[in-house]
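Enquirer: Structure below; questions to follow.
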Amino acid sequence: MGRSRRTLPEELLLLALDPATGTTAQPQSLDLGLAGAQLVELALAGRIAPDGDRIAVVMPRPTGDPTLDSALELLRRRGSPVRAVHWIGGPRLGLRQTYLSHLERCGMVHAVEGQMCGVLPTTRYQATETAISREIRARLDSAIRTGVPPDPRTAALAALAHAVGLGKHLYPGNEGRSSRSRLRDLIRHDPMGGLVAHAVLDVQNGAGAQPRRSSTSSTSAAGGGGRQAAGVPMQARSRAAGPMARVVSA
């Protein structure tokens, strides 16, 4: 059964799910967006705050959400404010699958097993709580249509949706051009969402490179792991941004 309150990473992932194919749009940039959405959610919960272009922990007390708390603990261990672009550009292996598995446990999505080319097993995800997905989309549509400044959560969701390239998925074709433009403009209504969205865009433009961290840190940054994406051969699982990311949803 679905919950009345959803986190921004969950909402962003539900927005990205294609109801026709059961796959996620923009899979490579979506991983960056999920990491950014975690930062916004932690800021909304009063656990972190922007410090210029960096993120500082202001309250290390856990939120009660295991995936968010894993990210919060890793930020706390850094000991000093972290540049948003470096955090988002860090290793994210398994983060998308962690959230898909979480949504499945909550009853918001249903996993559908299949095969690609009749050989490789795949897992696709269909939204089961379609009213929730419609409500999320309606919030964006209302903000775009009315021009009324949205609440910080909706503004941040819009900023992240734009940053990961969901505009063409949500508002396709020439008829959606003005909506995509207004989606981009909503980035200015939430400072934290704007900071994170710009960091996501910077990483995609190559500005997020940083020295490799240990495998332990990589696992922590991924939100605690979660099961591996079904349907991906073992040798492909370590390449989160590889071609297979486009044909399976995790």
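Scheme for the structure tokens: letters A, B, ... for chains in order shown; per-chain residue numbers from 1; ligand numbers from 1 in order shown.
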Which residues are close to Glu10 of chain A, i.e. within 8 Å by only C-alpha atoms, leaving aside same-chain residues fewer than 4 positions away? Reply as a ChimeraX atom specification.

Expert: /A:6,14,99,103

Enquirer: Go ahead and save the picked residues with N, CA and C atoms, as a PDB file, in the first residue's frame.

Expert:
```pdb
ATOM      1  N   ARG A   6       5.767  11.066   0.301  1.00  0.00           N
ATOM      2  CA  ARG A   6       6.824  10.478  -0.521  1.00  0.00           C
ATOM      3  C   ARG A   6       8.015  11.418  -0.535  1.00  0.00           C
ATOM      4  N   LEU A  14       9.232   8.161  -9.965  1.00  0.00           N
ATOM      5  CA  LEU A  14       7.895   7.890 -10.486  1.00  0.00           C
ATOM      6  C   LEU A  14       7.610   8.740 -11.724  1.00  0.00           C
ATOM      7  N   TYR A  99      15.957   2.544  -4.889  1.00  0.00           N
ATOM      8  CA  TYR A  99      14.663   3.222  -4.834  1.00  0.00           C
ATOM      9  C   TYR A  99      13.565   2.439  -5.539  1.00  0.00           C
ATOM     10  N   LEU A 103      10.176   1.299  -3.711  1.00  0.00           N
ATOM     11  CA  LEU A 103       8.834   1.574  -4.224  1.00  0.00           C
ATOM     12  C   LEU A 103       8.046   0.285  -4.409  1.00  0.00           C
TER      13      LEU A 103
END
```

Enquirer: Pick out the residues sitting within 8 Å of segment 32-38 of chain A, and hand them over as a compact mmCIF listing (two decimals) with all heavy atoms, in the first residue's frame; count only C-alpha atoms, and ignore anything fewer than 2 positions along from it in its own chain.

Expert:
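So the final result, stored in part.txt, reads:
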```
# COMPACT_ATOMS: atom_id res chain seq x y z
N LEU A 8 11.42 13.17 -2.29
CA LEU A 8 11.71 13.70 -3.63
C LEU A 8 12.36 12.66 -4.54
O LEU A 8 12.01 12.59 -5.73
CB LEU A 8 12.58 14.95 -3.53
CG LEU A 8 11.83 16.26 -3.37
CD1 LEU A 8 12.82 17.40 -3.14
CD2 LEU A 8 10.99 16.56 -4.60
N PRO A 9 13.31 11.84 -4.07
CA PRO A 9 13.84 10.82 -4.97
C PRO A 9 12.75 9.88 -5.48
O PRO A 9 12.76 9.49 -6.65
CB PRO A 9 14.86 10.08 -4.09
CG PRO A 9 15.29 11.08 -3.07
CD PRO A 9 14.05 11.89 -2.79
N LEU A 12 10.68 11.79 -8.12
CA LEU A 12 11.43 11.94 -9.37
C LEU A 12 11.46 10.63 -10.13
O LEU A 12 11.28 10.62 -11.36
CB LEU A 12 12.85 12.41 -9.06
CG LEU A 12 13.74 12.72 -10.28
CD1 LEU A 12 13.19 13.90 -11.07
CD2 LEU A 12 15.17 13.00 -9.82
N LEU A 13 11.63 9.52 -9.44
CA LEU A 13 11.67 8.22 -10.09
C LEU A 13 10.31 7.86 -10.68
O LEU A 13 10.22 7.33 -11.80
CB LEU A 13 12.12 7.16 -9.09
CG LEU A 13 12.41 5.76 -9.61
CD1 LEU A 13 13.35 5.79 -10.81
CD2 LEU A 13 12.99 4.89 -8.50
N GLN A 28 20.79 7.49 -17.32
CA GLN A 28 22.11 7.89 -16.83
C GLN A 28 22.04 9.16 -16.00
O GLN A 28 22.57 9.23 -14.89
CB GLN A 28 23.07 8.06 -18.01
CG GLN A 28 23.30 6.76 -18.78
CD GLN A 28 24.26 6.95 -19.94
OE1 GLN A 28 25.20 7.74 -19.86
NE2 GLN A 28 24.03 6.23 -21.01
N SER A 29 21.38 10.19 -16.52
CA SER A 29 21.27 11.43 -15.76
C SER A 29 20.31 11.29 -14.58
O SER A 29 20.43 12.02 -13.59
CB SER A 29 20.83 12.58 -16.68
OG SER A 29 19.61 12.27 -17.33
N LEU A 30 19.38 10.34 -14.66
CA LEU A 30 18.44 10.14 -13.56
C LEU A 30 19.18 9.73 -12.29
O LEU A 30 18.80 10.14 -11.18
CB LEU A 30 17.41 9.07 -13.94
CG LEU A 30 16.36 8.73 -12.87
CD1 LEU A 30 15.53 9.96 -12.51
CD2 LEU A 30 15.45 7.61 -13.36
N VAL A 40 18.16 17.59 -1.51
CA VAL A 40 17.04 18.50 -1.30
C VAL A 40 16.14 17.99 -0.18
O VAL A 40 15.68 18.75 0.68
CB VAL A 40 16.24 18.69 -2.59
CG1 VAL A 40 15.04 19.61 -2.35
CG2 VAL A 40 17.11 19.27 -3.69
N GLU A 41 15.88 16.68 -0.18
CA GLU A 41 15.02 16.10 0.86
C GLU A 41 15.64 16.28 2.24
O GLU A 41 14.95 16.61 3.22
CB GLU A 41 14.78 14.62 0.57
CG GLU A 41 13.72 13.98 1.44
CD GLU A 41 12.33 14.55 1.21
OE1 GLU A 41 11.92 14.68 0.04
OE2 GLU A 41 11.64 14.87 2.20
N LEU A 42 16.94 16.08 2.34
CA LEU A 42 17.62 16.28 3.62
C LEU A 42 17.58 17.75 4.05
O LEU A 42 17.46 18.06 5.23
CB LEU A 42 19.07 15.80 3.53
CG LEU A 42 19.27 14.29 3.49
CD1 LEU A 42 20.72 13.95 3.15
CD2 LEU A 42 18.87 13.65 4.83
N LEU A 68 18.02 7.82 2.99
CA LEU A 68 18.44 9.19 3.26
C LEU A 68 19.46 9.25 4.39
O LEU A 68 20.43 10.01 4.32
CB LEU A 68 17.22 10.05 3.62
CG LEU A 68 16.23 10.38 2.50
CD1 LEU A 68 15.03 11.12 3.07
CD2 LEU A 68 16.91 11.20 1.41
N ALA A 71 22.95 8.52 3.26
CA ALA A 71 23.56 9.69 2.62
C ALA A 71 23.95 10.73 3.67
O ALA A 71 25.04 11.32 3.60
CB ALA A 71 22.59 10.30 1.61
N TRP A 87 29.57 15.81 -4.66
CA TRP A 87 28.69 14.80 -4.07
C TRP A 87 27.86 14.11 -5.15
O TRP A 87 27.80 12.88 -5.22
CB TRP A 87 27.78 15.44 -3.02
CG TRP A 87 26.69 14.52 -2.57
CD1 TRP A 87 25.41 14.45 -3.03
CD2 TRP A 87 26.82 13.49 -1.59
NE1 TRP A 87 24.73 13.46 -2.39
CE2 TRP A 87 25.57 12.85 -1.50
CE3 TRP A 87 27.86 13.06 -0.77
CZ2 TRP A 87 25.33 11.80 -0.63
CZ3 TRP A 87 27.63 12.01 0.10
CH2 TRP A 87 26.37 11.39 0.16
N ILE A 88 27.24 14.90 -5.99
CA ILE A 88 26.37 14.34 -7.02
C ILE A 88 27.18 13.56 -8.06
O ILE A 88 26.71 12.55 -8.60
CB ILE A 88 25.55 15.47 -7.68
CG1 ILE A 88 24.54 16.02 -6.66
CG2 ILE A 88 24.84 14.98 -8.94
CD1 ILE A 88 23.87 17.29 -7.08
N GLY A 89 28.41 14.00 -8.32
CA GLY A 89 29.25 13.32 -9.29
C GLY A 89 29.96 12.10 -8.76
O GLY A 89 30.67 11.43 -9.51
N ARG A 92 27.48 6.18 -7.86
CA ARG A 92 26.06 6.01 -7.56
C ARG A 92 25.57 4.61 -7.92
O ARG A 92 24.42 4.42 -8.24
CB ARG A 92 25.23 7.08 -8.32
CG ARG A 92 25.45 8.49 -7.82
CD ARG A 92 24.86 8.69 -6.41
NE ARG A 92 25.28 9.96 -5.85
CZ ARG A 92 26.22 10.12 -4.96
NH1 ARG A 92 26.90 9.08 -4.55
NH2 ARG A 92 26.53 11.30 -4.49
N LEU A 95 21.91 3.03 -6.75
CA LEU A 95 20.98 3.97 -6.13
C LEU A 95 19.59 3.87 -6.75
O LEU A 95 18.58 3.83 -6.04
CB LEU A 95 21.51 5.40 -6.24
CG LEU A 95 20.68 6.47 -5.53
CD1 LEU A 95 20.56 6.18 -4.05
CD2 LEU A 95 21.30 7.85 -5.75
N ARG A 96 19.54 3.80 -8.08
CA ARG A 96 18.23 3.71 -8.75
C ARG A 96 17.52 2.42 -8.37
O ARG A 96 16.31 2.41 -8.10
CB ARG A 96 18.42 3.80 -10.26
CG ARG A 96 17.13 4.02 -11.02
CD ARG A 96 17.37 4.39 -12.47
NE ARG A 96 18.75 4.32 -12.88
CZ ARG A 96 19.16 3.63 -13.97
NH1 ARG A 96 18.30 2.95 -14.69
NH2 ARG A 96 20.43 3.64 -14.31
N LEU A 157 11.39 19.66 -7.37
CA LEU A 157 11.09 18.55 -8.27
C LEU A 157 11.16 19.00 -9.72
O LEU A 157 11.71 18.31 -10.58
CB LEU A 157 9.70 17.98 -7.95
CG LEU A 157 9.25 16.79 -8.79
CD1 LEU A 157 10.18 15.60 -8.60
CD2 LEU A 157 7.80 16.42 -8.43
N LEU A 160 14.83 19.53 -10.73
CA LEU A 160 15.51 18.26 -10.96
C LEU A 160 15.02 17.58 -12.23
O LEU A 160 15.81 17.00 -12.98
CB LEU A 160 15.31 17.35 -9.75
CG LEU A 160 16.08 17.74 -8.49
CD1 LEU A 160 15.51 17.05 -7.25
CD2 LEU A 160 17.56 17.42 -8.64
N ALA A 161 13.71 17.65 -12.48
CA ALA A 161 13.17 17.06 -13.71
C ALA A 161 13.80 17.71 -14.93
O ALA A 161 14.16 17.03 -15.91
CB ALA A 161 11.65 17.21 -13.73
N ALA A 163 16.76 19.26 -14.97
CA ALA A 163 18.20 18.99 -14.97
C ALA A 163 18.53 17.61 -15.53
O ALA A 163 19.55 17.44 -16.21
CB ALA A 163 18.77 19.15 -13.57
N VAL A 164 17.68 16.62 -15.28
CA VAL A 164 17.99 15.27 -15.76
C VAL A 164 17.42 15.02 -17.16
O VAL A 164 17.60 13.94 -17.71
CB VAL A 164 17.48 14.19 -14.78
CG1 VAL A 164 18.08 14.39 -13.41
CG2 VAL A 164 15.96 14.17 -14.71
N VAL A 196 21.18 22.37 -6.44
CA VAL A 196 21.36 20.97 -6.76
C VAL A 196 21.16 20.72 -8.26
O VAL A 196 21.92 19.98 -8.88
CB VAL A 196 20.39 20.11 -5.92
CG1 VAL A 196 20.35 18.68 -6.43
CG2 VAL A 196 20.80 20.13 -4.45
N ALA A 197 20.14 21.35 -8.83
CA ALA A 197 19.88 21.16 -10.26
C ALA A 197 21.05 21.65 -11.10
O ALA A 197 21.46 21.00 -12.07
CB ALA A 197 18.60 21.88 -10.66
N VAL A 200 23.77 19.11 -10.92
CA VAL A 200 23.49 17.97 -11.80
C VAL A 200 23.88 18.30 -13.23
O VAL A 200 24.51 17.49 -13.93
CB VAL A 200 22.00 17.57 -11.72
CG1 VAL A 200 21.64 16.56 -12.82
CG2 VAL A 200 21.67 16.98 -10.35
```

Enquirer: Give me, please, the distance in Å between atom CA of Ala155 of chain A and atom CA of Ser142 of chain A, quoted to one decimal.

Expert: 11.4 Å

Enquirer: Hey, which of A:Gly114, A:Ala131, A:Arg182, A:Gln204 ends up closest to Thr146 of chain A? Count only C-alpha atoms.

Expert: A:Arg182

Enquirer: Taking the backbone alone, and naming residues the way the document does, which bits of segment 31-130 of chain A are alpha helix (DSSP H) by DSSP, as a PyMOL selection string?

Expert: chain A and resi 31-44+66-78+84-88+95-105+130

Enquirer: For the residues in the current selection, export N, CA and C atoms as a compact mmCIF listing (two decimals), in the first residue's frame.

Expert:
```txt
# COMPACT_ATOMS: atom_id res chain seq x y z
N ASP A 31 20.24 8.94 -12.41
CA ASP A 31 21.02 8.56 -11.24
C ASP A 31 21.58 9.79 -10.54
N LEU A 32 22.05 10.76 -11.32
CA LEU A 32 22.55 12.01 -10.75
C LEU A 32 21.40 12.77 -10.07
N GLY A 33 20.25 12.78 -10.72
CA GLY A 33 19.10 13.47 -10.16
C GLY A 33 18.64 12.88 -8.85
N LEU A 34 18.70 11.55 -8.73
CA LEU A 34 18.30 10.91 -7.47
C LEU A 34 19.24 11.31 -6.34
N ALA A 35 20.54 11.36 -6.64
CA ALA A 35 21.50 11.80 -5.63
C ALA A 35 21.23 13.25 -5.23
N GLY A 36 20.90 14.09 -6.20
CA GLY A 36 20.57 15.47 -5.90
C GLY A 36 19.28 15.60 -5.12
N ALA A 37 18.29 14.76 -5.47
CA ALA A 37 17.01 14.79 -4.76
C ALA A 37 17.19 14.41 -3.30
N GLN A 38 18.13 13.52 -3.01
CA GLN A 38 18.41 13.19 -1.62
C GLN A 38 18.87 14.43 -0.86
N LEU A 39 19.72 15.23 -1.49
CA LEU A 39 20.20 16.45 -0.83
C LEU A 39 19.05 17.40 -0.54
N VAL A 40 18.16 17.59 -1.51
CA VAL A 40 17.04 18.50 -1.30
C VAL A 40 16.14 17.99 -0.18
N GLU A 41 15.88 16.68 -0.18
CA GLU A 41 15.02 16.10 0.86
C GLU A 41 15.64 16.28 2.24
N LEU A 42 16.94 16.08 2.34
CA LEU A 42 17.62 16.28 3.62
C LEU A 42 17.58 17.75 4.05
N ALA A 43 17.65 18.65 3.07
CA ALA A 43 17.55 20.08 3.39
C ALA A 43 16.14 20.42 3.87
N LEU A 44 15.13 19.87 3.22
CA LEU A 44 13.75 20.11 3.65
C LEU A 44 13.50 19.57 5.05
N PRO A 66 16.01 4.97 5.87
CA PRO A 66 17.34 4.36 5.80
C PRO A 66 18.21 4.86 4.66
N THR A 67 17.62 5.08 3.49
CA THR A 67 18.41 5.51 2.34
C THR A 67 18.89 6.94 2.51
N LEU A 68 18.02 7.82 2.99
CA LEU A 68 18.44 9.19 3.26
C LEU A 68 19.46 9.25 4.39
N ASP A 69 19.26 8.43 5.41
CA ASP A 69 20.17 8.45 6.55
C ASP A 69 21.56 7.93 6.17
N SER A 70 21.62 7.02 5.20
CA SER A 70 22.92 6.56 4.70
C SER A 70 23.67 7.72 4.05
N ALA A 71 22.95 8.52 3.26
CA ALA A 71 23.56 9.69 2.62
C ALA A 71 23.95 10.73 3.67
N LEU A 72 23.09 10.94 4.65
CA LEU A 72 23.38 11.92 5.71
C LEU A 72 24.63 11.52 6.49
N GLU A 73 24.76 10.24 6.81
CA GLU A 73 25.91 9.77 7.56
C GLU A 73 27.20 9.95 6.76
N LEU A 74 27.12 9.68 5.48
CA LEU A 74 28.32 9.86 4.65
C LEU A 74 28.72 11.33 4.58
N LEU A 75 27.73 12.22 4.48
CA LEU A 75 28.02 13.65 4.49
C LEU A 75 28.65 14.06 5.82
N ARG A 76 28.12 13.51 6.92
CA ARG A 76 28.66 13.85 8.24
C ARG A 76 30.11 13.40 8.37
N ARG A 77 30.42 12.24 7.82
CA ARG A 77 31.78 11.71 7.93
C ARG A 77 32.79 12.54 7.16
N ARG A 78 32.32 13.30 6.17
CA ARG A 78 33.26 14.14 5.44
C ARG A 78 33.90 15.18 6.35
N ALA A 84 28.49 20.51 -3.80
CA ALA A 84 27.35 19.76 -4.32
C ALA A 84 27.70 19.00 -5.58
N VAL A 85 28.52 19.61 -6.45
CA VAL A 85 28.86 18.97 -7.71
C VAL A 85 29.71 17.72 -7.47
N HIS A 86 30.54 17.72 -6.42
CA HIS A 86 31.36 16.54 -6.11
C HIS A 86 30.52 15.43 -5.50
N TRP A 87 29.57 15.81 -4.66
CA TRP A 87 28.69 14.80 -4.07
C TRP A 87 27.86 14.11 -5.15
N ILE A 88 27.24 14.90 -5.99
CA ILE A 88 26.37 14.34 -7.02
C ILE A 88 27.18 13.56 -8.06
N LEU A 95 21.91 3.03 -6.75
CA LEU A 95 20.98 3.97 -6.13
C LEU A 95 19.59 3.87 -6.75
N ARG A 96 19.54 3.80 -8.08
CA ARG A 96 18.23 3.71 -8.75
C ARG A 96 17.52 2.42 -8.37
N GLN A 97 18.27 1.32 -8.34
CA GLN A 97 17.65 0.04 -7.97
C GLN A 97 17.20 0.04 -6.52
N THR A 98 17.95 0.71 -5.65
CA THR A 98 17.54 0.82 -4.25
C THR A 98 16.17 1.46 -4.15
N TYR A 99 15.96 2.54 -4.89
CA TYR A 99 14.66 3.22 -4.83
C TYR A 99 13.57 2.44 -5.54
N LEU A 100 13.89 1.77 -6.63
CA LEU A 100 12.88 0.93 -7.29
C LEU A 100 12.43 -0.20 -6.36
N SER A 101 13.38 -0.82 -5.69
CA SER A 101 13.04 -1.90 -4.76
C SER A 101 12.20 -1.36 -3.60
N HIS A 102 12.53 -0.15 -3.15
CA HIS A 102 11.77 0.47 -2.06
C HIS A 102 10.33 0.75 -2.51
N LEU A 103 10.18 1.30 -3.71
CA LEU A 103 8.83 1.57 -4.22
C LEU A 103 8.05 0.29 -4.41
N GLU A 104 8.74 -0.78 -4.79
CA GLU A 104 8.07 -2.07 -4.93
C GLU A 104 7.58 -2.58 -3.57
N ARG A 105 8.41 -2.46 -2.54
CA ARG A 105 8.01 -2.89 -1.20
C ARG A 105 6.82 -2.07 -0.69
N THR A 130 -1.35 4.47 -9.57
CA THR A 130 -1.35 5.47 -10.64
C THR A 130 -1.89 6.81 -10.17
```

Enquirer: Would you return as a ChimeraX atom specification the members of segment 60-226 of chain A that DSSP assigns to strand (DSSP E) on this structure's backbone?

Expert: /A:82-83,109-116,120-127

Enquirer: Mind writing the picked residues with N, CA and C atoms as a CSV table (one decimal), in the first residue's frame?

Expert:
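Done, and the output landed in part.csv:
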```
chain,number,residue,atom,x,y,z
A,82,VAL,N,30.7,19.9,1.7
A,82,VAL,CA,31.1,19.2,0.5
A,82,VAL,C,30.5,20.0,-0.7
A,83,ARG,N,31.3,20.1,-1.7
A,83,ARG,CA,30.7,20.8,-2.9
A,83,ARG,C,29.6,19.9,-3.5
A,109,VAL,N,5.1,0.3,-7.2
A,109,VAL,CA,5.4,-0.2,-8.5
A,109,VAL,C,5.4,-1.7,-8.4
A,110,HIS,N,5.2,-2.4,-9.5
A,110,HIS,CA,5.2,-3.8,-9.6
A,110,HIS,C,6.3,-4.3,-10.6
A,111,ALA,N,7.1,-5.2,-10.2
A,111,ALA,CA,8.2,-5.7,-11.1
A,111,ALA,C,7.7,-6.7,-12.0
A,112,VAL,N,8.0,-6.6,-13.3
A,112,VAL,CA,7.6,-7.5,-14.4
A,112,VAL,C,8.9,-8.1,-15.0
A,113,GLU,N,9.0,-9.4,-14.8
A,113,GLU,CA,10.2,-10.1,-15.3
A,113,GLU,C,10.0,-10.4,-16.8
A,114,GLY,N,11.1,-10.3,-17.6
A,114,GLY,CA,11.0,-10.6,-19.0
A,114,GLY,C,12.4,-11.0,-19.6
A,115,GLN,N,12.5,-10.9,-20.9
A,115,GLN,CA,13.7,-11.2,-21.5
A,115,GLN,C,14.0,-10.3,-22.7
A,116,MET,N,15.2,-9.9,-22.9
A,116,MET,CA,15.6,-9.1,-24.0
A,116,MET,C,16.2,-10.0,-25.1
A,120,LEU,N,18.5,-12.5,-22.6
A,120,LEU,CA,18.9,-11.8,-21.3
A,120,LEU,C,17.7,-11.5,-20.5
A,121,PRO,N,17.7,-11.9,-19.2
A,121,PRO,CA,16.5,-11.5,-18.4
A,121,PRO,C,16.5,-10.1,-18.0
A,122,THR,N,15.4,-9.5,-18.0
A,122,THR,CA,15.2,-8.1,-17.7
A,122,THR,C,14.1,-7.9,-16.6
A,123,THR,N,14.1,-6.8,-16.0
A,123,THR,CA,13.1,-6.4,-15.0
A,123,THR,C,12.6,-5.0,-15.4
A,124,ARG,N,11.3,-4.9,-15.6
A,124,ARG,CA,10.6,-3.7,-15.9
A,124,ARG,C,9.7,-3.4,-14.8
A,125,TYR,N,9.3,-2.1,-14.6
A,125,TYR,CA,8.5,-1.7,-13.4
A,125,TYR,C,7.3,-0.9,-13.9
A,126,GLN,N,6.1,-1.4,-13.5
A,126,GLN,CA,4.9,-0.7,-13.8
A,126,GLN,C,4.3,0.0,-12.5
A,127,ALA,N,3.9,1.2,-12.6
A,127,ALA,CA,3.3,1.9,-11.4
A,127,ALA,C,2.0,1.3,-11.1
```

Enquirer: Expressed in Å to a single decimal, how great is the separation between atom CA of Arg139 of chain A and atom CA of Glu175 of chain A?

Expert: 19.5 Å

Enquirer: Using only C-alpha atoms, can you tell me which of A:Asp18, A:Leu186, A:Pro81, A:Ser179 comes closest to Ile48 of chain A?

Expert: A:Pro81

Enquirer: Mind giving me the straight-line distance from atom CA of Pro60 of chain A to atom CA of Pro91 of chain A in Å, one decimal?

Expert: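 Computing it gives 22.1 Å between the two atoms.
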
Enquirer: Which of these, A:Leu17, A:Val119, A:Ile55, A:Ala159, has the shortest distance to Leu201 of chain A once you count only C-alpha atoms?

Expert: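 Ranking A:Leu17, A:Val119, A:Ile55, A:Ala159 by distance to Leu201 of chain A, first place goes to A:Ala159.
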
Enquirer: For Asp51 of chain A, which residue out of A:Ala138, A:Arg153, A:His189, A:Ser80 is the nearest one, using only C-alpha atoms?

Expert: A:Ser80
